[in-house]
Amino acid sequence: MISSGITLLLVGAGLILPGIIGGEAATHHIGIVGEGNAPIVQAARDLAVADAGTDKNPEKFETVNYANQEEAEAGLVAGKVDLVLVGGAKLLQERTGFSGNGLVDTLQRAAGSVRLQRLVQENGQAAADVIAILSSTPLEVTGLDGADPEADFRPVIAYAGLLLMYIAILSYGSWTLTGVTEEKNNRVVEVLLATLRPWQLLGGKVLGIGILGIGQFVLTIGFAFALVNLTEVVDIPPLPIDDLLFVILWFILGFAVYSVSYAAAGSLASRPEDAQAAAFPMTMLAVAGFFVSINALDDPTSMLARVTSFIPFTAPFVVPIRRSLDGIGTVEHVASALVAIVSIVVLVRLSARIYTGGLLRFGRRVKLREAWRAARL
């Protein structure tokens, strides 16, 4: 309950504070040397208005005039201006960063629009039309199966689901891991096993902590959506229902796969300090699944994406991404889901055996082979 309350407070602060603190648009100070700079600055202002749209404040551009380039360079080094325009033909900046400079890009676009405007003036085309053309996306993107008005949002939903799944697996999987280890460490498990079979205890642990973790997760996401709709700090696009349902399906499958494995790992540790070491292989599998899904974003039909769609530890990360990008067919998708479900059943059986062999061995970390053999006795 305490962690849920803290999580909700952090989510609320993360959504509300940026709008309060960072509500004002950025103001850029441009040094001016010579003639021919005013049209470029004005074009940059127009581009900023077009980029911001009607719901946001556009970036502002203020100019500082210098008599010569030497004075402008001194002002640039002193931090009085962000960039310097010289004669409408040259742009000075203090240093060139590896990731580039957004302000430089804006002024480059502005200079390009000014030159384009000069070329088309004799045809009577207005400067506003030039700005509109440069700020728009004139090419309509249509898939072979026709236009999809929700196509731009599907990868976003899949990637958001991927991040949430990764966080949930590492967070709530560790709950299962810790819960099993604590029961073993304080000998509560001996009392429980007097009335329960080990596989029942394993299933109850996974189901109980899974419901609690997912419940907290749903509460956090629901609170965030309600707060966003109430405050309108972020524009939420229309969400494709089918994609949401498939993300939820794979979220449940992925959580089940990892929770069962974390429970088995917890039974091998005798102390909470050893639990993370025992669960290290599952953590690395989750990290690998995350990075493979990033690769699937670039090429959803690659051989790596196809193969990992049928591996239970990576499929929950990869398949939603592939589906959002139309990189997986219906037959392949159904087959992948069936493989995941069968794998969960098999993992429950295997993990129950490891769980049985490791629960009643105390004082040291139990080896996987030792737990497996002990379960037969």
# chains A, B, ... in the order shown; residues from 1 in each chain; ligands from 1
call {"tool": "residues_around", "arguments": {"residues": "Leu193 of chain A", "least_positions_apart": "4", "cutoff": "12 Å", "atoms": "only C-alpha atoms", "output": "PyMOL selection string"}}
result
chain A and resi 183-184+187-189+197-202+355-356+359-360
call {"tool": "residues_around", "arguments": {"residues": "segment 318-321 of chain A", "least_positions_apart": "2", "cutoff": "6 Å", "atoms": "only C-alpha atoms", "output": "list of chain:residue names"}}
result
A:Ala158, A:Ser293, A:Ser309, A:Ala315, A:Pro316, A:Arg323, A:Ser324
call {"tool": "closest_residue", "arguments": {"among": "A:Met282, A:Ile221, A:Ala48, A:Leu92", "to": "Phe255 of chain A", "atoms": "only C-alpha atoms"}}
result
A:Met282
call {"tool": "residues_around", "arguments": {"residues": "Pro39 of chain A", "least_positions_apart": "6", "cutoff": "9 Å", "atoms": "only C-alpha atoms", "output": "NGL selection string"}}
result
:A and (88 or 110-111 or 114)
call {"tool": "closest_residue", "arguments": {"among": "A:Leu164, A:Asp105, A:Ser261, A:Gln276", "to": "Thr178 of chain A", "atoms": "only C-alpha atoms"}}
result
A:Gln276
call {"tool": "closest_residue", "arguments": {"among": "A:Val348, A:Leu76, A:Ala50, A:Leu163", "to": "Val287 of chain A", "atoms": "only C-alpha atoms"}}
result
A:Leu163
call {"tool": "atom_distance", "arguments": {"atom1": "atom CA of Arg271 of chain A", "atom2": "atom CA of Glu182 of chain A"}}
result
7.4 Å
call {"tool": "closest_atom_pairs", "arguments": {"of": "segment 188-253 of chain A", "to": "segment 339-342 of chain A", "cutoff": "12 Å", "atoms": "only C-alpha atoms", "output": "Markdown table"}}
result
| residue | atom | partner | partner_atom | distance |
| --- | --- | --- | --- | --- |
| A:Leu249 | CA | A:Ile341 | CA | 10.9 |
| A:Trp250 | CA | A:Ala340 | CA | 9.2 |
| A:Phe251 | CA | A:Ala340 | CA | 11.6 |
| A:Ile252 | CA | A:Ile341 | CA | 10.4 |
| A:Leu253 | CA | A:Ala340 | CA | 6.9 |
call {"tool": "residues_around", "arguments": {"residues": "Gln42 of chain A", "least_positions_apart": "6", "cutoff": "12 Å", "atoms": "only C-alpha atoms", "output": "compact mmCIF listing (two decimals) with N, CA, C and O atoms, in the first residue's frame"}}
result
# COMPACT_ATOMS: atom_id res chain seq x y z
N ILE A 30 19.55 35.30 -30.96
CA ILE A 30 20.32 35.18 -32.20
C ILE A 30 21.12 36.47 -32.42
O ILE A 30 20.54 37.57 -32.46
N GLY A 36 20.57 41.06 -44.48
CA GLY A 36 20.03 39.81 -45.00
C GLY A 36 19.67 38.78 -43.95
O GLY A 36 19.35 37.63 -44.32
N ALA A 48 8.34 28.05 -36.33
CA ALA A 48 8.07 27.68 -34.94
C ALA A 48 6.57 27.68 -34.65
O ALA A 48 6.05 26.80 -33.96
N VAL A 49 5.86 28.67 -35.20
CA VAL A 49 4.40 28.73 -35.03
C VAL A 49 3.74 27.53 -35.70
O VAL A 49 2.83 26.89 -35.15
N LYS A 60 10.41 31.26 -29.21
CA LYS A 60 10.59 32.68 -29.49
C LYS A 60 12.03 32.95 -29.94
O LYS A 60 12.96 32.26 -29.52
N PHE A 61 12.17 33.94 -30.80
CA PHE A 61 13.48 34.31 -31.33
C PHE A 61 13.70 35.80 -31.10
O PHE A 61 12.92 36.63 -31.57
N GLU A 62 14.76 36.14 -30.35
CA GLU A 62 15.13 37.53 -30.12
C GLU A 62 16.50 37.79 -30.74
O GLU A 62 17.37 36.91 -30.71
N THR A 63 16.66 38.96 -31.32
CA THR A 63 17.91 39.27 -32.03
C THR A 63 18.74 40.29 -31.25
O THR A 63 18.21 41.15 -30.55
N THR A 106 16.61 24.46 -37.28
CA THR A 106 15.50 25.38 -37.51
C THR A 106 15.92 26.54 -38.41
O THR A 106 15.21 26.92 -39.35
N LEU A 107 17.08 27.12 -38.13
CA LEU A 107 17.55 28.23 -38.95
C LEU A 107 17.93 27.77 -40.36
O LEU A 107 17.79 28.52 -41.33
N ARG A 109 16.36 25.41 -42.00
CA ARG A 109 15.07 25.33 -42.68
C ARG A 109 14.54 26.71 -43.03
O ARG A 109 13.98 26.92 -44.11
N ALA A 110 14.74 27.65 -42.11
CA ALA A 110 14.28 29.02 -42.35
C ALA A 110 15.01 29.64 -43.53
O ALA A 110 14.41 30.28 -44.41
N ALA A 111 16.34 29.45 -43.58
CA ALA A 111 17.11 29.98 -44.70
C ALA A 111 16.70 29.33 -46.01
O ALA A 111 16.61 29.99 -47.06
N SER A 113 13.72 28.18 -46.70
CA SER A 113 12.42 28.72 -47.10
C SER A 113 12.55 30.11 -47.69
O SER A 113 11.82 30.46 -48.62
N VAL A 114 13.49 30.91 -47.18
CA VAL A 114 13.70 32.25 -47.74
C VAL A 114 14.21 32.15 -49.17
O VAL A 114 13.74 32.87 -50.06
N ALA A 127 4.69 33.80 -49.22
CA ALA A 127 5.65 33.22 -48.27
C ALA A 127 4.96 32.26 -47.30
O ALA A 127 5.54 31.25 -46.90
N ALA A 128 3.72 32.57 -46.94
CA ALA A 128 3.00 31.69 -46.02
C ALA A 128 2.80 30.30 -46.61
O ALA A 128 2.84 29.29 -45.91
N ILE A 131 6.05 28.38 -46.20
CA ILE A 131 6.20 27.91 -44.83
C ILE A 131 5.29 26.70 -44.58
O ILE A 131 5.69 25.71 -43.96
call {"tool": "residues_around", "arguments": {"residues": "Ile6 of chain A", "least_positions_apart": "6", "cutoff": "12 Å", "atoms": "only C-alpha atoms", "output": "number ranges by chain"}}
result
A: 12-13, 216, 220
call {"tool": "write_last_selection", "arguments": {"atoms": "C-alpha atoms", "output": "PDB file, in the first residue's frame"}}
result
ATOM      1  CA  GLY A  12       1.077  12.677 -10.536  1.00  0.00           C
ATOM      2  CA  ALA A  13       4.143  14.836  -9.988  1.00  0.00           C
ATOM      3  CA  GLN A 216      -1.080  -2.168  -8.714  1.00  0.00           C
ATOM      4  CA  THR A 220      -1.070   3.243 -11.711  1.00  0.00           C
TER       5      THR A 220
END
call {"tool": "atom_distance", "arguments": {"atom1": "atom CA of Leu245 of chain A", "atom2": "atom CA of Tyr262 of chain A"}}
result
25.6 Å
call {"tool": "atom_distance", "arguments": {"atom1": "atom CA of Ala265 of chain A", "atom2": "atom CA of Val247 of chain A"}}
result
26.7 Å
call {"tool": "residues_around", "arguments": {"residues": "Val206 of chain A", "least_positions_apart": "3", "cutoff": "8 Å", "atoms": "only C-alpha atoms", "output": "ChimeraX atom specification"}}
result
/A:176,202-203,209-210,256,259-260,263
call {"tool": "select_by_dssp", "arguments": {"residues": "segment 160-329 of chain A", "states": "helix (DSSP H, G or I)", "output": "ChimeraX atom specification"}}
result
/A:160-185,188-192,198-231,241-268,272-278,280-298,303-308,315-324
call {"tool": "closest_residue", "arguments": {"among": "A:Ala78, A:Ala26, A:Leu192, A:Val86", "to": "Val180 of chain A", "atoms": "only C-alpha atoms"}}
result
A:Leu192
call {"tool": "closest_residue", "arguments": {"among": "A:Leu170, A:Val33, A:Leu47, A:Ile40", "to": "Gly87 of chain A", "atoms": "only C-alpha atoms"}}
result
A:Val33
call {"tool": "closest_residue", "arguments": {"among": "A:Ile311, A:Met1, A:Arg349, A:Val11", "to": "Phe225 of chain A", "atoms": "only C-alpha atoms"}}
result
A:Val11
call {"tool": "decode", "arguments": {"residues": "segment 272-285 of chain A", "atoms": "all heavy atoms", "output": "mmCIF file, in the first residue's frame"}}
result
data_model
loop_
_atom_site.group_PDB
_atom_site.id
_atom_site.type_symbol
_atom_site.label_atom_id
_atom_site.label_comp_id
_atom_site.auth_asym_id
_atom_site.auth_seq_id
_atom_site.Cartn_x
_atom_site.Cartn_y
_atom_site.Cartn_z
ATOM 1 N N PRO A 272 17.718 -14.012 1.487
ATOM 2 C CA PRO A 272 17.321 -12.982 0.520
ATOM 3 C C PRO A 272 18.499 -12.419 -0.265
ATOM 4 O O PRO A 272 18.346 -12.017 -1.417
ATOM 5 C CB PRO A 272 16.677 -11.901 1.403
ATOM 6 C CG PRO A 272 16.211 -12.641 2.628
ATOM 7 C CD PRO A 272 17.220 -13.731 2.840
ATOM 8 N N GLU A 273 19.710 -12.428 0.368
ATOM 9 C CA GLU A 273 20.868 -11.884 -0.339
ATOM 10 C C GLU A 273 21.258 -12.757 -1.533
ATOM 11 O O GLU A 273 21.866 -12.275 -2.490
ATOM 12 C CB GLU A 273 22.067 -11.780 0.604
ATOM 13 C CG GLU A 273 21.809 -10.946 1.851
ATOM 14 C CD GLU A 273 21.204 -11.771 2.970
ATOM 15 O OE1 GLU A 273 21.831 -12.712 3.473
ATOM 16 O OE2 GLU A 273 20.049 -11.455 3.319
ATOM 17 N N ASP A 274 20.937 -14.048 -1.467
ATOM 18 C CA ASP A 274 21.297 -14.963 -2.556
ATOM 19 C C ASP A 274 20.228 -15.030 -3.645
ATOM 20 O O ASP A 274 20.455 -15.637 -4.689
ATOM 21 C CB ASP A 274 21.516 -16.381 -2.003
ATOM 22 C CG ASP A 274 22.631 -16.426 -0.972
ATOM 23 O OD1 ASP A 274 23.562 -15.603 -1.087
ATOM 24 O OD2 ASP A 274 22.560 -17.264 -0.054
ATOM 25 N N ALA A 275 19.075 -14.431 -3.391
ATOM 26 C CA ALA A 275 17.951 -14.576 -4.320
ATOM 27 C C ALA A 275 18.249 -13.943 -5.674
ATOM 28 O O ALA A 275 17.943 -14.515 -6.728
ATOM 29 C CB ALA A 275 16.690 -13.974 -3.708
ATOM 30 N N GLN A 276 18.827 -12.745 -5.661
ATOM 31 C CA GLN A 276 19.091 -12.059 -6.924
ATOM 32 C C GLN A 276 20.095 -12.824 -7.773
ATOM 33 O O GLN A 276 19.981 -12.859 -9.002
ATOM 34 C CB GLN A 276 19.598 -10.636 -6.652
ATOM 35 C CG GLN A 276 18.563 -9.726 -6.016
ATOM 36 C CD GLN A 276 17.319 -9.560 -6.875
ATOM 37 O OE1 GLN A 276 17.393 -9.558 -8.107
ATOM 38 N NE2 GLN A 276 16.171 -9.409 -6.231
ATOM 39 N N ALA A 277 21.082 -13.439 -7.120
ATOM 40 C CA ALA A 277 22.058 -14.234 -7.865
ATOM 41 C C ALA A 277 21.387 -15.442 -8.500
ATOM 42 O O ALA A 277 21.690 -15.823 -9.639
ATOM 43 C CB ALA A 277 23.189 -14.670 -6.946
ATOM 44 N N ALA A 278 20.453 -16.067 -7.774
ATOM 45 C CA ALA A 278 19.750 -17.220 -8.325
ATOM 46 C C ALA A 278 18.856 -16.830 -9.497
ATOM 47 O O ALA A 278 18.649 -17.620 -10.419
ATOM 48 C CB ALA A 278 18.912 -17.878 -7.231
ATOM 49 N N ALA A 279 18.330 -15.594 -9.468
ATOM 50 C CA ALA A 279 17.424 -15.137 -10.525
ATOM 51 C C ALA A 279 18.154 -14.439 -11.662
ATOM 52 O O ALA A 279 17.507 -13.961 -12.596
ATOM 53 C CB ALA A 279 16.383 -14.190 -9.931
ATOM 54 N N PHE A 280 19.466 -14.365 -11.609
ATOM 55 C CA PHE A 280 20.227 -13.644 -12.631
ATOM 56 C C PHE A 280 19.954 -14.152 -14.050
ATOM 57 O O PHE A 280 19.813 -13.347 -14.977
ATOM 58 C CB PHE A 280 21.720 -13.722 -12.321
ATOM 59 C CG PHE A 280 22.588 -12.993 -13.306
ATOM 60 C CD1 PHE A 280 22.658 -11.601 -13.297
ATOM 61 C CD2 PHE A 280 23.325 -13.684 -14.255
ATOM 62 C CE1 PHE A 280 23.449 -10.924 -14.201
ATOM 63 C CE2 PHE A 280 24.128 -13.025 -15.164
ATOM 64 C CZ PHE A 280 24.182 -11.636 -15.149
ATOM 65 N N PRO A 281 19.843 -15.469 -14.280
ATOM 66 C CA PRO A 281 19.551 -15.926 -15.658
ATOM 67 C C PRO A 281 18.233 -15.383 -16.196
ATOM 68 O O PRO A 281 18.160 -15.005 -17.367
ATOM 69 C CB PRO A 281 19.516 -17.453 -15.503
ATOM 70 C CG PRO A 281 20.381 -17.745 -14.323
ATOM 71 C CD PRO A 281 20.140 -16.615 -13.385
ATOM 72 N N MET A 282 17.173 -15.338 -15.359
ATOM 73 C CA MET A 282 15.896 -14.794 -15.826
ATOM 74 C C MET A 282 16.004 -13.305 -16.136
ATOM 75 O O MET A 282 15.409 -12.808 -17.099
ATOM 76 C CB MET A 282 14.819 -15.033 -14.775
ATOM 77 C CG MET A 282 14.129 -16.373 -14.907
ATOM 78 S SD MET A 282 15.236 -17.735 -14.557
ATOM 79 C CE MET A 282 15.437 -17.512 -12.781
ATOM 80 N N THR A 283 16.755 -12.591 -15.302
ATOM 81 C CA THR A 283 16.935 -11.159 -15.558
ATOM 82 C C THR A 283 17.641 -10.924 -16.885
ATOM 83 O O THR A 283 17.249 -10.045 -17.667
ATOM 84 C CB THR A 283 17.743 -10.520 -14.419
ATOM 85 O OG1 THR A 283 17.080 -10.753 -13.168
ATOM 86 C CG2 THR A 283 17.886 -9.020 -14.633
ATOM 87 N N MET A 284 18.653 -11.724 -17.171
ATOM 88 C CA MET A 284 19.368 -11.578 -18.435
ATOM 89 C C MET A 284 18.486 -11.951 -19.620
ATOM 90 O O MET A 284 18.574 -11.349 -20.697
ATOM 91 C CB MET A 284 20.632 -12.441 -18.419
ATOM 92 C CG MET A 284 21.680 -11.985 -17.415
ATOM 93 S SD MET A 284 22.101 -10.229 -17.593
ATOM 94 C CE MET A 284 22.746 -10.192 -19.274
ATOM 95 N N LEU A 285 17.604 -12.940 -19.449
ATOM 96 C CA LEU A 285 16.680 -13.296 -20.525
ATOM 97 C C LEU A 285 15.713 -12.149 -20.805
ATOM 98 O O LEU A 285 15.384 -11.866 -21.966
ATOM 99 C CB LEU A 285 15.898 -14.550 -20.149
ATOM 100 C CG LEU A 285 16.664 -15.872 -20.237
ATOM 101 C CD1 LEU A 285 15.831 -17.008 -19.650
ATOM 102 C CD2 LEU A 285 17.038 -16.181 -21.685
#
